[in-house]
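See below for the structure under consideration.
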Amino acid sequence: GQQLNQSPQSMFIQEGEDVSMNCTSSSIFNTWLWYKQDPGEGPVLLIALYKAGELTSNGRLTAQFGITRKDSFLNISASIPSDVGIYFCAGHPSYAGNMLTFGGGTRLMVKP
Amino acid sequence: EAGVAQSPRYKIIEKRQSVAFWCNPISGHATLYWYQQILGQGPKLLIQFQNNGVVDDSQLPKDRFSAERLKGVDSTLKIQPAKLEDSAVYLCASSLDWGLAGAWGEQFFGPGTRLTVL
């Protein structure tokens with residue numbers, strides 16, 4: 001089963017609002033990554049985090065690697081309609097360094 | 001630069017039949033991955049190749065699933081015989097040499113093959 005607990009499962013927001021989603025685990029992770037998946041496509045990497053406490057931005061997206069190495073969050077500022085999709089957190093757990101493990105996803109819907 | 005190519009994009013079969021999926025990774029990528037993504041879930045790693053060798057197949061149901069990457073480039077994933085619970089999207093991904101870039105090199109995903117088992 002999934003090793004990563006991602007929340008919320010879905011969000012329906014107004015265009016222009018900020019969005020926050022997070023991912024937690026009972027295990028320590030060596031990396032945290034955030035992907036976006038559009039219908040009929042594979043996931044696309046948005047942000048990669050490699051060090052505890054690291055805060056990284058990519059345009060309107062900001063993500064942080066939790067200091068305990070067991071959690072991460074992704075923020076999207078000033079959402080636009082093309083932000084619609086499913087966002088996945090993923091990471092390499094310390095107990096299986098090569099295996100990229102995914103959360104269950106957050107489905108984001110944006111109302112124009 | 002061409003992305004990861006997968007075919008077919010869709011496949012519908014009956015249970016107990018066999019099916020095969022094909023993947024061509026990004027040119028120069030030594031590491032290739034197959035994932036299974038069940039509807040409403042995140043992808044789950046099935047098998048990881050480094051060139052033509054298997055790095056990890058711990059989550060591959062070996063009684064019915066097999067995969068090969070004979071020449072270290074394209075790969076085939078086979079299911080024989082298929083079960084209803086195998087209905088999912090099968091994603092292929094590739095990354096630069098795992099040994100050089102580390103286990104954390106960025107993975108690029110193909111569009112997937114959507115399998116429906118009736």
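Each chain in the structure tokens gets a letter, A, B and so on, in the order shown; residues start at 1 in every chain, and ligands are counted from 1 in the order they appear.
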Dump as a PDB file with C-alpha atoms, in the first residue's frame the residues of chain A that approach chain B to within 6 Å, counting only C-alpha atoms.
```
ATOM      1  CA  GLU A  41      -0.432  11.837 -19.511  1.00  0.00           C
ATOM      2  CA  GLY A  42       2.368  10.693 -17.261  1.00  0.00           C
ATOM      3  CA  ASN A  98      16.191   3.473  -5.175  1.00  0.00           C
ATOM      4  CA  PHE A 102       4.159   8.075  -4.525  1.00  0.00           C
ATOM      5  CA  GLY A 103       1.336   9.482  -2.414  1.00  0.00           C
ATOM      6  CA  GLY A 104      -2.306   9.058  -3.360  1.00  0.00           C
TER       7      GLY A 104
END
```
Point to revise | Surrounding residues of range 67-75 of chain B excluding itself and chain neighbours under 3 positions, 7 Å, only C-alpha atoms, as an MDAnalysis selection string | key: chainID B and resid 22:25 51:52 78
Write to file, as an mmCIF file, in the first residue's frame, the residues of the selection just made, with N, CA and C atoms.
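Dumped everything to part-v9.cif:
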```
data_model
loop_
_atom_site.group_PDB
_atom_site.id
_atom_site.type_symbol
_atom_site.label_atom_id
_atom_site.label_comp_id
_atom_site.auth_asym_id
_atom_site.auth_seq_id
_atom_site.Cartn_x
_atom_site.Cartn_y
_atom_site.Cartn_z
ATOM 1 N N TRP B 22 4.974 -1.925 -24.725
ATOM 2 C CA TRP B 22 6.310 -1.573 -25.204
ATOM 3 C C TRP B 22 6.679 -0.167 -24.760
ATOM 4 N N CYS B 23 7.969 0.037 -24.479
ATOM 5 C CA CYS B 23 8.452 1.338 -24.061
ATOM 6 C C CYS B 23 9.786 1.632 -24.722
ATOM 7 N N ASN B 24 9.921 2.848 -25.246
ATOM 8 C CA ASN B 24 11.205 3.325 -25.757
ATOM 9 C C ASN B 24 11.605 4.540 -24.941
ATOM 10 N N PRO B 25 12.668 4.439 -24.151
ATOM 11 C CA PRO B 25 13.047 5.551 -23.265
ATOM 12 C C PRO B 25 13.685 6.701 -24.044
ATOM 13 N N ASN B 51 20.536 -0.240 -17.699
ATOM 14 C CA ASN B 51 20.917 -0.863 -18.974
ATOM 15 C C ASN B 51 20.062 -2.123 -19.150
ATOM 16 N N ASN B 52 20.635 -3.297 -19.302
ATOM 17 C CA ASN B 52 19.794 -4.479 -19.493
ATOM 18 C C ASN B 52 19.711 -5.348 -18.247
ATOM 19 N N LYS B 78 5.112 -7.747 -19.880
ATOM 20 C CA LYS B 78 4.086 -8.714 -20.271
ATOM 21 C C LYS B 78 3.290 -9.167 -19.063
#
```
Practice item. Do a neighbour search on Ser72 in chain A at 8 Å with only C-alpha atoms, toss out local chain neighbours closer than 4 positions, and write the hits as an NGL selection string. Key: :A and (22-24 or 32 or 63-66)
Writer output for current selection, all heavy atoms, as a PDB file, in the first residue's frame:
```pdb
ATOM      1  N   ASN A  22      -0.232  18.783   1.433  1.00  0.00           N
ATOM      2  CA  ASN A  22       0.924  18.245   2.127  1.00  0.00           C
ATOM      3  C   ASN A  22       0.968  16.732   2.091  1.00  0.00           C
ATOM      4  O   ASN A  22       0.008  16.067   1.698  1.00  0.00           O
ATOM      5  CB  ASN A  22       0.977  18.754   3.568  1.00  0.00           C
ATOM      6  CG  ASN A  22      -0.172  18.214   4.389  1.00  0.00           C
ATOM      7  OD1 ASN A  22      -0.143  17.072   4.827  1.00  0.00           O
ATOM      8  ND2 ASN A  22      -1.191  19.012   4.584  1.00  0.00           N
ATOM      9  N   CYS A  23       2.088  16.230   2.511  1.00  0.00           N
ATOM     10  CA  CYS A  23       2.365  14.802   2.451  1.00  0.00           C
ATOM     11  C   CYS A  23       3.103  14.422   3.718  1.00  0.00           C
ATOM     12  O   CYS A  23       4.044  15.118   4.129  1.00  0.00           O
ATOM     13  CB  CYS A  23       3.262  14.546   1.241  1.00  0.00           C
ATOM     14  SG  CYS A  23       3.021  12.967   0.483  1.00  0.00           S
ATOM     15  N   THR A  24       2.687  13.332   4.355  1.00  0.00           N
ATOM     16  CA  THR A  24       3.358  12.876   5.563  1.00  0.00           C
ATOM     17  C   THR A  24       3.622  11.377   5.482  1.00  0.00           C
ATOM     18  O   THR A  24       2.947  10.650   4.752  1.00  0.00           O
ATOM     19  CB  THR A  24       2.508  13.155   6.823  1.00  0.00           C
ATOM     20  OG1 THR A  24       1.271  12.438   6.715  1.00  0.00           O
ATOM     21  CG2 THR A  24       2.221  14.633   6.987  1.00  0.00           C
ATOM     22  N   TRP A  32      12.175  14.492  -1.420  1.00  0.00           N
ATOM     23  CA  TRP A  32      10.746  14.743  -1.629  1.00  0.00           C
ATOM     24  C   TRP A  32      10.603  15.389  -2.992  1.00  0.00           C
ATOM     25  O   TRP A  32      11.355  16.291  -3.336  1.00  0.00           O
ATOM     26  CB  TRP A  32      10.182  15.674  -0.555  1.00  0.00           C
ATOM     27  CG  TRP A  32       9.980  15.013   0.774  1.00  0.00           C
ATOM     28  CD1 TRP A  32      10.813  15.052   1.846  1.00  0.00           C
ATOM     29  CD2 TRP A  32       8.857  14.201   1.172  1.00  0.00           C
ATOM     30  NE1 TRP A  32      10.294  14.318   2.885  1.00  0.00           N
ATOM     31  CE2 TRP A  32       9.088  13.794   2.502  1.00  0.00           C
ATOM     32  CE3 TRP A  32       7.685  13.795   0.540  1.00  0.00           C
ATOM     33  CZ2 TRP A  32       8.200  12.986   3.208  1.00  0.00           C
ATOM     34  CZ3 TRP A  32       6.796  13.004   1.250  1.00  0.00           C
ATOM     35  CH2 TRP A  32       7.054  12.610   2.563  1.00  0.00           C
ATOM     36  N   ALA A  63       7.767  24.614  -2.451  1.00  0.00           N
ATOM     37  CA  ALA A  63       7.695  23.356  -1.700  1.00  0.00           C
ATOM     38  C   ALA A  63       8.788  23.333  -0.645  1.00  0.00           C
ATOM     39  O   ALA A  63       9.829  23.973  -0.800  1.00  0.00           O
ATOM     40  CB  ALA A  63       7.836  22.162  -2.640  1.00  0.00           C
ATOM     41  N   GLN A  64       8.540  22.607   0.425  1.00  0.00           N
ATOM     42  CA  GLN A  64       9.528  22.487   1.491  1.00  0.00           C
ATOM     43  C   GLN A  64       9.704  21.038   1.913  1.00  0.00           C
ATOM     44  O   GLN A  64       8.742  20.262   1.968  1.00  0.00           O
ATOM     45  CB  GLN A  64       9.149  23.334   2.716  1.00  0.00           C
ATOM     46  CG  GLN A  64      10.227  23.310   3.809  1.00  0.00           C
ATOM     47  CD  GLN A  64      10.151  24.478   4.755  1.00  0.00           C
ATOM     48  OE1 GLN A  64       9.078  25.020   5.009  1.00  0.00           O
ATOM     49  NE2 GLN A  64      11.297  24.880   5.281  1.00  0.00           N
ATOM     50  N   PHE A  65      10.935  20.690   2.231  1.00  0.00           N
ATOM     51  CA  PHE A  65      11.324  19.382   2.758  1.00  0.00           C
ATOM     52  C   PHE A  65      11.277  19.526   4.276  1.00  0.00           C
ATOM     53  O   PHE A  65      12.043  20.287   4.854  1.00  0.00           O
ATOM     54  CB  PHE A  65      12.746  19.088   2.281  1.00  0.00           C
ATOM     55  CG  PHE A  65      13.243  17.691   2.476  1.00  0.00           C
ATOM     56  CD1 PHE A  65      13.945  17.063   1.464  1.00  0.00           C
ATOM     57  CD2 PHE A  65      13.073  17.015   3.671  1.00  0.00           C
ATOM     58  CE1 PHE A  65      14.454  15.788   1.625  1.00  0.00           C
ATOM     59  CE2 PHE A  65      13.557  15.728   3.844  1.00  0.00           C
ATOM     60  CZ  PHE A  65      14.274  15.126   2.821  1.00  0.00           C
ATOM     61  N   GLY A  66      10.389  18.806   4.943  1.00  0.00           N
ATOM     62  CA  GLY A  66      10.220  18.948   6.375  1.00  0.00           C
ATOM     63  C   GLY A  66      11.482  18.633   7.159  1.00  0.00           C
ATOM     64  O   GLY A  66      12.261  17.755   6.772  1.00  0.00           O
TER      65      GLY A  66
END
```
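Here CA of Arg60 in chain A stands at a distance of 11.9 Å from CA of Ser20 in chain A.
Proximity to Pro112 in chain A was assessed for A:Tyr95, A:Gly53, A:Ser10, A:Glu15 counting only C-alpha atoms; the smallest distance is recorded for A:Glu15.
Our summary of the geometry notes that CA of Ser7 in chain B is positioned 23.0 Å from CA of Ile86 in chain A.
The nearest approach to Asp86 in chain B among the residues B:Gln6, B:Ser66, B:Gln17, B:Thr116, with only C-alpha atoms taken into account, belongs to B:Thr116.
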Review point. Any idea what's packed within 8 Å of Ile79 in chain B, counting only C-alpha atoms, ignoring anything in its chain fewer than 6 positions away? Could you give it as a PyMOL selection string?
Key: chain B and resi 18-20+64-66
Point to revise | Pick from A:Asn75, A:Ser27, A:Asn58, A:Gln37, whichever lies nearest to Gln3 in chain A using only C-alpha atoms | key: A:Ser27
Check your understanding: Near Asp83 in chain A, within 8 Å and counting only C-alpha atoms, which residues show up once chain neighbours fewer than 3 positions away are dropped, as a PyMOL selection string?
Key -> chain A and resi 79-80+108-110
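Taking CA of Phe21 in chain B and CA of Pro8 in chain B as endpoints, the distance between them is 6.7 Å.
Of the listed residues B:Leu39, B:His29, B:Leu96, B:Glu85, the one whose atoms come nearest to Gly40 in chain A is B:Leu39, with distances taken using only C-alpha atoms.
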Point to revise | Non-local contacts of Lys36 in chain A (8 Å; only C-alpha atoms; under 4 positions in same chain excluded) as a ChimeraX atom specification | key: /A:43-46,85-88
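The residue that comes closest to Asn5 in chain A, out of A:Asp71, A:Ala96, A:Val19, A:Val84 and on the basis of only C-alpha atoms, is A:Asp71.
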Review point. Counting only C-alpha atoms, what is within 9 Å of Ile28 in chain A, bar same-chain residues fewer than 5 positions away, as a list of chain:residue names?
Key: A:Thr68, A:Arg69, A:Lys70, A:Asp71, A:His92, A:Pro93, A:Ser94, A:Tyr95
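Between Lys62 in chain B and the residues B:Gln80, B:Ser87, B:Gln50, B:Gln36, the shortest atom-to-atom distance, using only C-alpha atoms, involves B:Gln80.
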